[in-house]
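A.B. asks: Dropping the structure in here first, questions after.
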Amino acid sequence: MTLEKEAILRLLEEVKDPEIPVLSLVDLGVITAVDIAVDGHVTVNMTPTFAGCPAMDYMKKDVEQMLARHGISHFTVRMSFDDPWNSNKLTEKGRTALKDFGLAPPPTYDLILDLDILEYATCPNCQSTNTTMRSPFGPTLCRALHFCNNCHQMFEQFKPL
Amino acid sequence: MKREAIKDLLYKIADDQLILGHRNSEWTGLGPILEEDIAFSSMAQDKIGHSLAFYTLLHDLGEPEPDIIAFSRSASRFRNSQFTELPNGEFDFSLIRHFLYDNAEAIRFEKLSTSSYAPIAKVATKLKGEIKYHVLHANTWLRNLGSSTEEAITRLQNSLNTLMPYALGMFEPSVHEQELIATGIYPGEEKIKAEWLTKIQQVVAQTELTLPDISSLPPMLGGRAGQHTKYLQPLLNEMAEVIKIDPTAEW
């Protein structure tokens with residue numbers, strides 16, 4: 001059975017980040033390419049958010065299972081750094097999903113990831129930008145800990161990278 | 001031969017990351033405060049992930065699978081600097097090592113991101129963003145503790161004095177140094193060291209600490225040639241405990 005690229009992407013929309021179940025892998029930006037060869041072979045290219053992220057193996061398996069479940073028998077899912085992930089790859093839909101989940105989305109930036117961007121976060125609870133980074137390391141590799149000086153709540157941010 | 005030079009470079013980078021990653025993981029459950037427990041555990045995960053990326057490049061060049069490379073070699077075949085294998089000591093000791101190591105690592109990744117060897121450049125381009133968080137963490141703690149109480153300053157200064165000769169061992173030149181420089185693969189240890197000294201001096205200058213005069217410090221060399229302290233082999237034994245009991249185990 002052969003599927004259009006758009007149909008494959010729609011399937012992958014259903015695969016979620018195991019640690020942030022409202023965020024699809026497509027919106028997370030870890031699906032870098034979907035190719036369908038003339039013989040119907042499907043290749044999905046993926047790239048890790050953080051190189052040491054233990055969830056990446058699960059995401060790869062989830063993609064493979066989703067393809068197999070929909071009758072695609074010839075496929076390859078590749079993980080590589082060819083088109084490396086950065087937080088600008090998060091889609092607008094993904095950013096909204098993060099916010100609804102209670103995580104501050106990373107600010108978008110131009111080219112250089114400098115210290116100001118690393119430490120900047122908007123509180124997902126009260127939208128204040130009067131916040132302080134408490135630790136660059138949180139419960140997962142992709143999250144940092146911040147404190148909101150306005151509503152006096154700790155919150156987590158999906159790190160800019 | 002260029003291929004041998006690249007392998008040597010990959011081994012020393014990946015081995016440093018693997019060994020320091022394991023040392024970092026020894027803080028899990030023991031950090032002085034919860035945030036630091038989490039920070040060192042996260043950095044352990046990052047570093048071991050980074051070593052996996054470089055071991056994968058070695059595998060692409062014909063070396064064994066990453067798990068085999070990581071867990072089947074004896075100490076004399078490891079190319080990490082002695083600096084990374086020293087036991088954690090107390091928090092001040094680990095913090096100073098973290099500060100000295102990660103400031104160098106950030107420069108190394110920045111340089112490697114423009115390496116003429118494309119596979120290294122791709123990995124380094126990715127990792128140079130991640131390492132910024134390690135540097136931010138180290139520099140913040142150094143600035144805060146390095147200008148706080150007398151006890152903190154004395155402890156950090158003692159650790160800095162002890163660790164500086166070992167840190168200089170990171171820049172032990174390899175036999176392939178000239179070839180790596182000439183082919184644009186790696187700018188060479190001397191260049192990284194010079195930029196590193198400027199960088200760490202900038203941070204140390206914002207504290208009550210003093211950087212030891214390195215002109216009179218003999219660097220602790222040998223790690224890059226497989227000469228290690230008595231601390232490495234027990235660490236490797238512990239790392240390989242599961243794979244030795246059951247090579248097919250998944251964990």
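Residues in the structure tokens are numbered from 1 in each chain, the chains being A, B, ... in the order shown, and ligands are numbered from 1 in the order shown.
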Do me a favour and pick out the residues of chain A within 8 Å of chain B, using only C-alpha atoms, as a ChimeraX atom specification.
C.D. replies: /A:50-53,81-82,84-85,113,115,118,135-141,161
A.B. asks: Save the residues we just selected, all heavy atoms, as a short mmCIF file (atom, residue, chain, number, x, y, z; two decimals), in the first residue's frame?
C.D. replies:
data_model
loop_
_atom_site.label_atom_id
_atom_site.label_comp_id
_atom_site.auth_asym_id
_atom_site.auth_seq_id
_atom_site.Cartn_x
_atom_site.Cartn_y
_atom_site.Cartn_z
N PHE A 50 17.82 16.79 22.32
CA PHE A 50 19.10 16.80 23.02
C PHE A 50 19.76 15.44 22.75
O PHE A 50 19.07 14.41 22.78
CB PHE A 50 18.90 17.02 24.53
CG PHE A 50 18.64 18.45 24.89
CD1 PHE A 50 17.43 19.04 24.56
CD2 PHE A 50 19.62 19.21 25.51
CE1 PHE A 50 17.19 20.38 24.86
CE2 PHE A 50 19.38 20.55 25.81
CZ PHE A 50 18.17 21.14 25.50
N ALA A 51 21.07 15.45 22.49
CA ALA A 51 21.75 14.21 22.08
C ALA A 51 21.60 13.10 23.12
O ALA A 51 21.56 11.93 22.77
CB ALA A 51 23.23 14.49 21.82
N GLY A 52 21.50 13.48 24.40
CA GLY A 52 21.42 12.46 25.45
C GLY A 52 19.99 12.14 25.87
O GLY A 52 19.79 11.45 26.86
N CYS A 53 19.01 12.64 25.13
CA CYS A 53 17.61 12.46 25.54
C CYS A 53 17.20 10.99 25.44
O CYS A 53 17.19 10.41 24.36
CB CYS A 53 16.69 13.30 24.67
SG CYS A 53 14.95 13.03 25.06
N PHE A 81 22.11 13.67 12.71
CA PHE A 81 22.35 15.08 13.00
C PHE A 81 22.45 15.88 11.70
O PHE A 81 22.93 17.01 11.71
CB PHE A 81 23.65 15.26 13.80
CG PHE A 81 23.58 14.69 15.19
CD1 PHE A 81 24.18 13.48 15.49
CD2 PHE A 81 22.92 15.36 16.20
CE1 PHE A 81 24.13 12.94 16.77
CE2 PHE A 81 22.86 14.85 17.49
CZ PHE A 81 23.46 13.64 17.78
N ASP A 82 22.01 15.29 10.58
CA ASP A 82 22.15 15.97 9.28
C ASP A 82 21.46 17.33 9.27
O ASP A 82 21.97 18.29 8.70
CB ASP A 82 21.57 15.10 8.15
CG ASP A 82 22.44 13.87 7.90
OD1 ASP A 82 23.55 13.83 8.47
OD2 ASP A 82 22.01 12.96 7.17
N PRO A 84 20.22 19.31 12.17
CA PRO A 84 20.12 19.26 13.63
C PRO A 84 18.96 20.10 14.18
O PRO A 84 18.60 21.13 13.63
CB PRO A 84 21.46 19.80 14.11
CG PRO A 84 22.00 20.58 12.98
CD PRO A 84 21.46 19.97 11.73
N TRP A 85 18.43 19.61 15.29
CA TRP A 85 17.30 20.28 15.92
C TRP A 85 17.74 21.55 16.61
O TRP A 85 18.83 21.63 17.17
CB TRP A 85 16.68 19.33 16.97
CG TRP A 85 15.41 19.84 17.59
CD1 TRP A 85 14.16 19.73 17.07
CD2 TRP A 85 15.28 20.55 18.83
NE1 TRP A 85 13.25 20.31 17.92
CE2 TRP A 85 13.90 20.83 19.00
CE3 TRP A 85 16.18 20.98 19.80
CZ2 TRP A 85 13.40 21.51 20.11
CZ3 TRP A 85 15.68 21.66 20.90
CH2 TRP A 85 14.32 21.93 21.06
N LEU A 113 22.50 31.93 19.74
CA LEU A 113 21.84 31.62 21.01
C LEU A 113 22.69 32.22 22.13
O LEU A 113 23.66 31.63 22.56
CB LEU A 113 21.75 30.09 21.15
CG LEU A 113 21.14 29.51 22.42
CD1 LEU A 113 19.67 29.83 22.52
CD2 LEU A 113 21.33 28.01 22.45
N LEU A 115 23.32 34.38 25.97
CA LEU A 115 22.94 34.21 27.37
C LEU A 115 21.57 34.81 27.69
O LEU A 115 20.79 34.26 28.45
CB LEU A 115 24.02 34.85 28.26
CG LEU A 115 24.09 34.35 29.68
CD1 LEU A 115 24.34 32.86 29.71
CD2 LEU A 115 25.18 35.09 30.44
N LEU A 118 18.96 32.38 26.77
CA LEU A 118 18.96 31.22 27.67
C LEU A 118 18.19 31.53 28.95
O LEU A 118 17.49 30.68 29.49
CB LEU A 118 20.40 30.85 28.04
CG LEU A 118 21.05 29.64 27.37
CD1 LEU A 118 20.90 29.64 25.88
CD2 LEU A 118 22.52 29.55 27.74
N SER A 135 17.54 27.33 37.67
CA SER A 135 18.53 26.32 37.29
C SER A 135 18.37 25.98 35.82
O SER A 135 17.26 25.82 35.34
CB SER A 135 18.37 25.05 38.13
OG SER A 135 19.30 24.07 37.66
N PRO A 136 19.51 25.89 35.10
CA PRO A 136 19.41 25.52 33.68
C PRO A 136 19.05 24.05 33.48
O PRO A 136 18.91 23.60 32.35
CB PRO A 136 20.80 25.82 33.13
CG PRO A 136 21.70 25.82 34.31
CD PRO A 136 20.88 26.18 35.51
N PHE A 137 18.92 23.29 34.58
CA PHE A 137 18.60 21.87 34.46
C PHE A 137 17.34 21.55 35.26
O PHE A 137 17.23 21.91 36.42
CB PHE A 137 19.76 21.01 34.94
CG PHE A 137 21.01 21.22 34.13
CD1 PHE A 137 22.03 22.03 34.60
CD2 PHE A 137 21.14 20.64 32.87
CE1 PHE A 137 23.17 22.26 33.84
CE2 PHE A 137 22.27 20.86 32.11
CZ PHE A 137 23.28 21.68 32.59
N GLY A 138 16.40 20.88 34.59
CA GLY A 138 15.13 20.55 35.22
C GLY A 138 14.87 19.06 35.19
O GLY A 138 15.81 18.27 35.08
N PRO A 139 13.58 18.66 35.28
CA PRO A 139 13.26 17.24 35.36
C PRO A 139 13.60 16.43 34.10
O PRO A 139 13.73 15.22 34.19
CB PRO A 139 11.75 17.23 35.62
CG PRO A 139 11.27 18.56 35.21
CD PRO A 139 12.40 19.51 35.42
N THR A 140 13.71 17.09 32.96
CA THR A 140 14.21 16.39 31.76
C THR A 140 15.26 17.30 31.13
O THR A 140 15.34 18.48 31.46
CB THR A 140 13.10 16.13 30.71
OG1 THR A 140 12.68 17.39 30.18
CG2 THR A 140 11.90 15.41 31.31
N LEU A 141 16.06 16.74 30.20
CA LEU A 141 17.16 17.52 29.62
C LEU A 141 16.67 18.77 28.91
O LEU A 141 17.39 19.74 28.80
CB LEU A 141 17.95 16.65 28.63
CG LEU A 141 18.78 15.53 29.23
CD1 LEU A 141 19.58 14.83 28.14
CD2 LEU A 141 19.71 16.04 30.32
N LEU A 161 17.35 26.32 22.37
CA LEU A 161 18.61 25.64 21.99
C LEU A 161 18.96 26.01 20.56
O LEU A 161 18.10 25.98 19.69
CB LEU A 161 18.44 24.13 22.11
CG LEU A 161 19.71 23.32 21.90
CD1 LEU A 161 20.63 23.43 23.09
CD2 LEU A 161 19.39 21.84 21.66
#
A.B. asks: So which residues touch range 163-179 of chain B within 9 Å, counting only C-alpha atoms, skipping near sequence neighbours fewer than 6 positions away, as a PyMOL selection string?
C.D. replies: chain B and resi 1-2+4-6+8-9+16+80-84+93+96-97+100-101+104+185-190+192-193+211-212+214+217-225
A.B. asks: So which bits of range 22-152 of chain A end up strand (DSSP E) when you DSSP the backbone, as number ranges by chain?
C.D. replies: A: 22-24, 31-36, 42-46, 75-79, 103-104, 131-135, 143-148
A.B. asks: So the first atom is CA of Pro21 in chain A and the second is CA of Thr108 in chain A; what is the distance between them in Å, to one decimal place?
C.D. replies: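 Between these atoms lies a distance of 22.2 Å.
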A.B. asks: Please list as a count of residues only every residue within 10 Å of range 202-205 of chain B, counting only C-alpha atoms and excluding residues in the same chain fewer than 4 positions away.
C.D. replies: 13
A.B. asks: From a DSSP pass on the backbone, collect the residues of range 47-152 of chain A flagged as alpha helix (DSSP H) and hand them back as JSON, numbers by chain.
C.D. replies: {"A": [55, 56, 57, 58, 59, 60, 61, 62, 63, 64, 65, 66, 67, 68, 69, 92, 93, 94, 95, 96, 97, 98, 99, 100, 101, 115, 116, 117, 118, 119]}
A.B. asks: Any idea what's packed within 8 Å of range 11-16 of chain A, counting only C-alpha atoms, ignoring anything in its chain fewer than 3 positions away? Could you give it as an mmCIF file with all heavy atoms, in the first residue's frame?
C.D. replies:
data_model
loop_
_atom_site.group_PDB
_atom_site.id
_atom_site.type_symbol
_atom_site.label_atom_id
_atom_site.label_comp_id
_atom_site.auth_asym_id
_atom_site.auth_seq_id
_atom_site.Cartn_x
_atom_site.Cartn_y
_atom_site.Cartn_z
ATOM 1 N N ALA A 7 -0.174 12.284 3.952
ATOM 2 C CA ALA A 7 -0.870 11.293 4.771
ATOM 3 C C ALA A 7 0.064 10.742 5.845
ATOM 4 O O ALA A 7 -0.330 10.517 6.991
ATOM 5 C CB ALA A 7 -1.403 10.171 3.894
ATOM 6 N N ILE A 8 1.325 10.546 5.464
ATOM 7 C CA ILE A 8 2.322 10.067 6.441
ATOM 8 C C ILE A 8 2.496 11.113 7.543
ATOM 9 O O ILE A 8 2.514 10.801 8.736
ATOM 10 C CB ILE A 8 3.698 9.814 5.763
ATOM 11 C CG1 ILE A 8 3.568 8.842 4.599
ATOM 12 C CG2 ILE A 8 4.750 9.393 6.781
ATOM 13 C CD1 ILE A 8 3.704 7.397 4.920
ATOM 14 N N ILE A 20 5.731 14.795 27.018
ATOM 15 C CA ILE A 20 4.821 15.934 26.887
ATOM 16 C C ILE A 20 3.700 15.475 25.946
ATOM 17 O O ILE A 20 3.710 15.771 24.754
ATOM 18 C CB ILE A 20 5.547 17.182 26.322
ATOM 19 C CG1 ILE A 20 6.823 17.465 27.119
ATOM 20 C CG2 ILE A 20 4.619 18.410 26.347
ATOM 21 C CD1 ILE A 20 7.730 18.512 26.516
ATOM 22 N N PRO A 21 2.723 14.717 26.474
ATOM 23 C CA PRO A 21 1.782 13.996 25.602
ATOM 24 C C PRO A 21 0.854 14.873 24.766
ATOM 25 O O PRO A 21 0.080 14.346 23.976
ATOM 26 C CB PRO A 21 0.982 13.131 26.594
ATOM 27 C CG PRO A 21 1.243 13.700 27.940
ATOM 28 C CD PRO A 21 2.551 14.401 27.896
ATOM 29 N N VAL A 22 0.944 16.203 24.912
ATOM 30 C CA VAL A 22 0.113 17.072 24.073
ATOM 31 C C VAL A 22 0.863 17.538 22.818
ATOM 32 O O VAL A 22 0.303 18.204 21.960
ATOM 33 C CB VAL A 22 -0.337 18.332 24.861
ATOM 34 C CG1 VAL A 22 -1.284 17.937 25.991
ATOM 35 C CG2 VAL A 22 0.870 19.089 25.409
ATOM 36 N N LEU A 23 2.141 17.190 22.769
ATOM 37 C CA LEU A 23 3.002 17.728 21.703
ATOM 38 C C LEU A 23 3.337 16.638 20.695
ATOM 39 O O LEU A 23 3.914 15.611 21.050
ATOM 40 C CB LEU A 23 4.287 18.264 22.359
ATOM 41 C CG LEU A 23 5.310 18.964 21.483
ATOM 42 C CD1 LEU A 23 4.733 20.239 20.875
ATOM 43 C CD2 LEU A 23 6.553 19.307 22.312
ATOM 44 N N SER A 24 2.972 16.855 19.415
ATOM 45 C CA SER A 24 3.287 15.840 18.405
ATOM 46 C C SER A 24 4.744 15.974 17.972
ATOM 47 O O SER A 24 5.359 17.046 18.096
ATOM 48 C CB SER A 24 2.371 15.995 17.195
ATOM 49 O OG SER A 24 2.873 16.988 16.335
ATOM 50 N N LEU A 25 5.283 14.882 17.453
ATOM 51 C CA LEU A 25 6.684 14.897 17.012
ATOM 52 C C LEU A 25 6.875 15.866 15.856
ATOM 53 O O LEU A 25 7.946 16.448 15.701
ATOM 54 C CB LEU A 25 7.128 13.485 16.608
ATOM 55 C CG LEU A 25 7.088 12.415 17.701
ATOM 56 C CD1 LEU A 25 7.908 11.201 17.266
ATOM 57 C CD2 LEU A 25 7.597 12.931 19.037
ATOM 58 N N VAL A 26 5.823 16.037 15.037
ATOM 59 C CA VAL A 26 5.916 16.986 13.923
ATOM 60 C C VAL A 26 6.036 18.407 14.478
ATOM 61 O O VAL A 26 6.898 19.180 14.053
ATOM 62 C CB VAL A 26 4.686 16.856 12.999
ATOM 63 C CG1 VAL A 26 4.715 17.922 11.910
ATOM 64 C CG2 VAL A 26 4.637 15.458 12.383
ATOM 65 N N ASP A 27 5.200 18.746 15.471
ATOM 66 C CA ASP A 27 5.249 20.093 16.056
ATOM 67 C C ASP A 27 6.503 20.314 16.899
ATOM 68 O O ASP A 27 6.972 21.433 17.039
ATOM 69 C CB ASP A 27 3.991 20.349 16.898
ATOM 70 C CG ASP A 27 2.764 20.498 16.019
ATOM 71 O OD1 ASP A 27 2.905 21.105 14.937
ATOM 72 O OD2 ASP A 27 1.689 19.985 16.373
ATOM 73 N N MET A 59 10.603 7.533 20.890
ATOM 74 C CA MET A 59 9.952 8.258 19.797
ATOM 75 C C MET A 59 10.169 7.529 18.470
ATOM 76 O O MET A 59 9.244 7.401 17.670
ATOM 77 C CB MET A 59 10.511 9.681 19.697
ATOM 78 C CG MET A 59 10.171 10.551 20.886
ATOM 79 S SD MET A 59 10.679 12.266 20.575
ATOM 80 C CE MET A 59 10.776 12.892 22.237
ATOM 81 N N ASP A 62 7.981 4.536 18.430
ATOM 82 C CA ASP A 62 6.583 4.940 18.258
ATOM 83 C C ASP A 62 6.287 5.254 16.791
ATOM 84 O O ASP A 62 5.213 4.925 16.285
ATOM 85 C CB ASP A 62 6.257 6.160 19.134
ATOM 86 C CG ASP A 62 6.191 5.789 20.615
ATOM 87 O OD1 ASP A 62 6.170 4.577 20.918
ATOM 88 O OD2 ASP A 62 6.175 6.709 21.455
ATOM 89 N N VAL A 63 7.247 5.906 16.134
ATOM 90 C CA VAL A 63 7.067 6.217 14.703
ATOM 91 C C VAL A 63 6.993 4.914 13.900
ATOM 92 O O VAL A 63 6.114 4.731 13.056
ATOM 93 C CB VAL A 63 8.220 7.125 14.190
ATOM 94 C CG1 VAL A 63 8.206 7.209 12.665
ATOM 95 C CG2 VAL A 63 8.104 8.522 14.794
ATOM 96 N N MET A 66 3.681 3.211 14.475
ATOM 97 C CA MET A 66 2.580 3.927 13.823
ATOM 98 C C MET A 66 2.555 3.592 12.326
ATOM 99 O O MET A 66 1.482 3.338 11.766
ATOM 100 C CB MET A 66 2.757 5.438 14.041
ATOM 101 C CG MET A 66 1.706 6.298 13.402
ATOM 102 S SD MET A 66 0.034 5.981 14.028
ATOM 103 C CE MET A 66 -0.036 7.028 15.464
ATOM 104 N N LEU A 67 3.732 3.572 11.698
ATOM 105 C CA LEU A 67 3.795 3.247 10.261
ATOM 106 C C LEU A 67 3.315 1.812 10.033
ATOM 107 O O LEU A 67 2.484 1.550 9.154
ATOM 108 C CB LEU A 67 5.219 3.429 9.727
ATOM 109 C CG LEU A 67 5.781 4.854 9.752
ATOM 110 C CD1 LEU A 67 7.245 4.852 9.323
ATOM 111 C CD2 LEU A 67 4.980 5.789 8.849
#
A.B. asks: For Glu92 in chain A, work out the shell of residues within 12 Å, counting only C-alpha atoms and skipping chain neighbours fewer than 4 positions away, then give it as a ChimeraX atom specification.
C.D. replies: /A:23,26-29,87-88,96-99,105-108
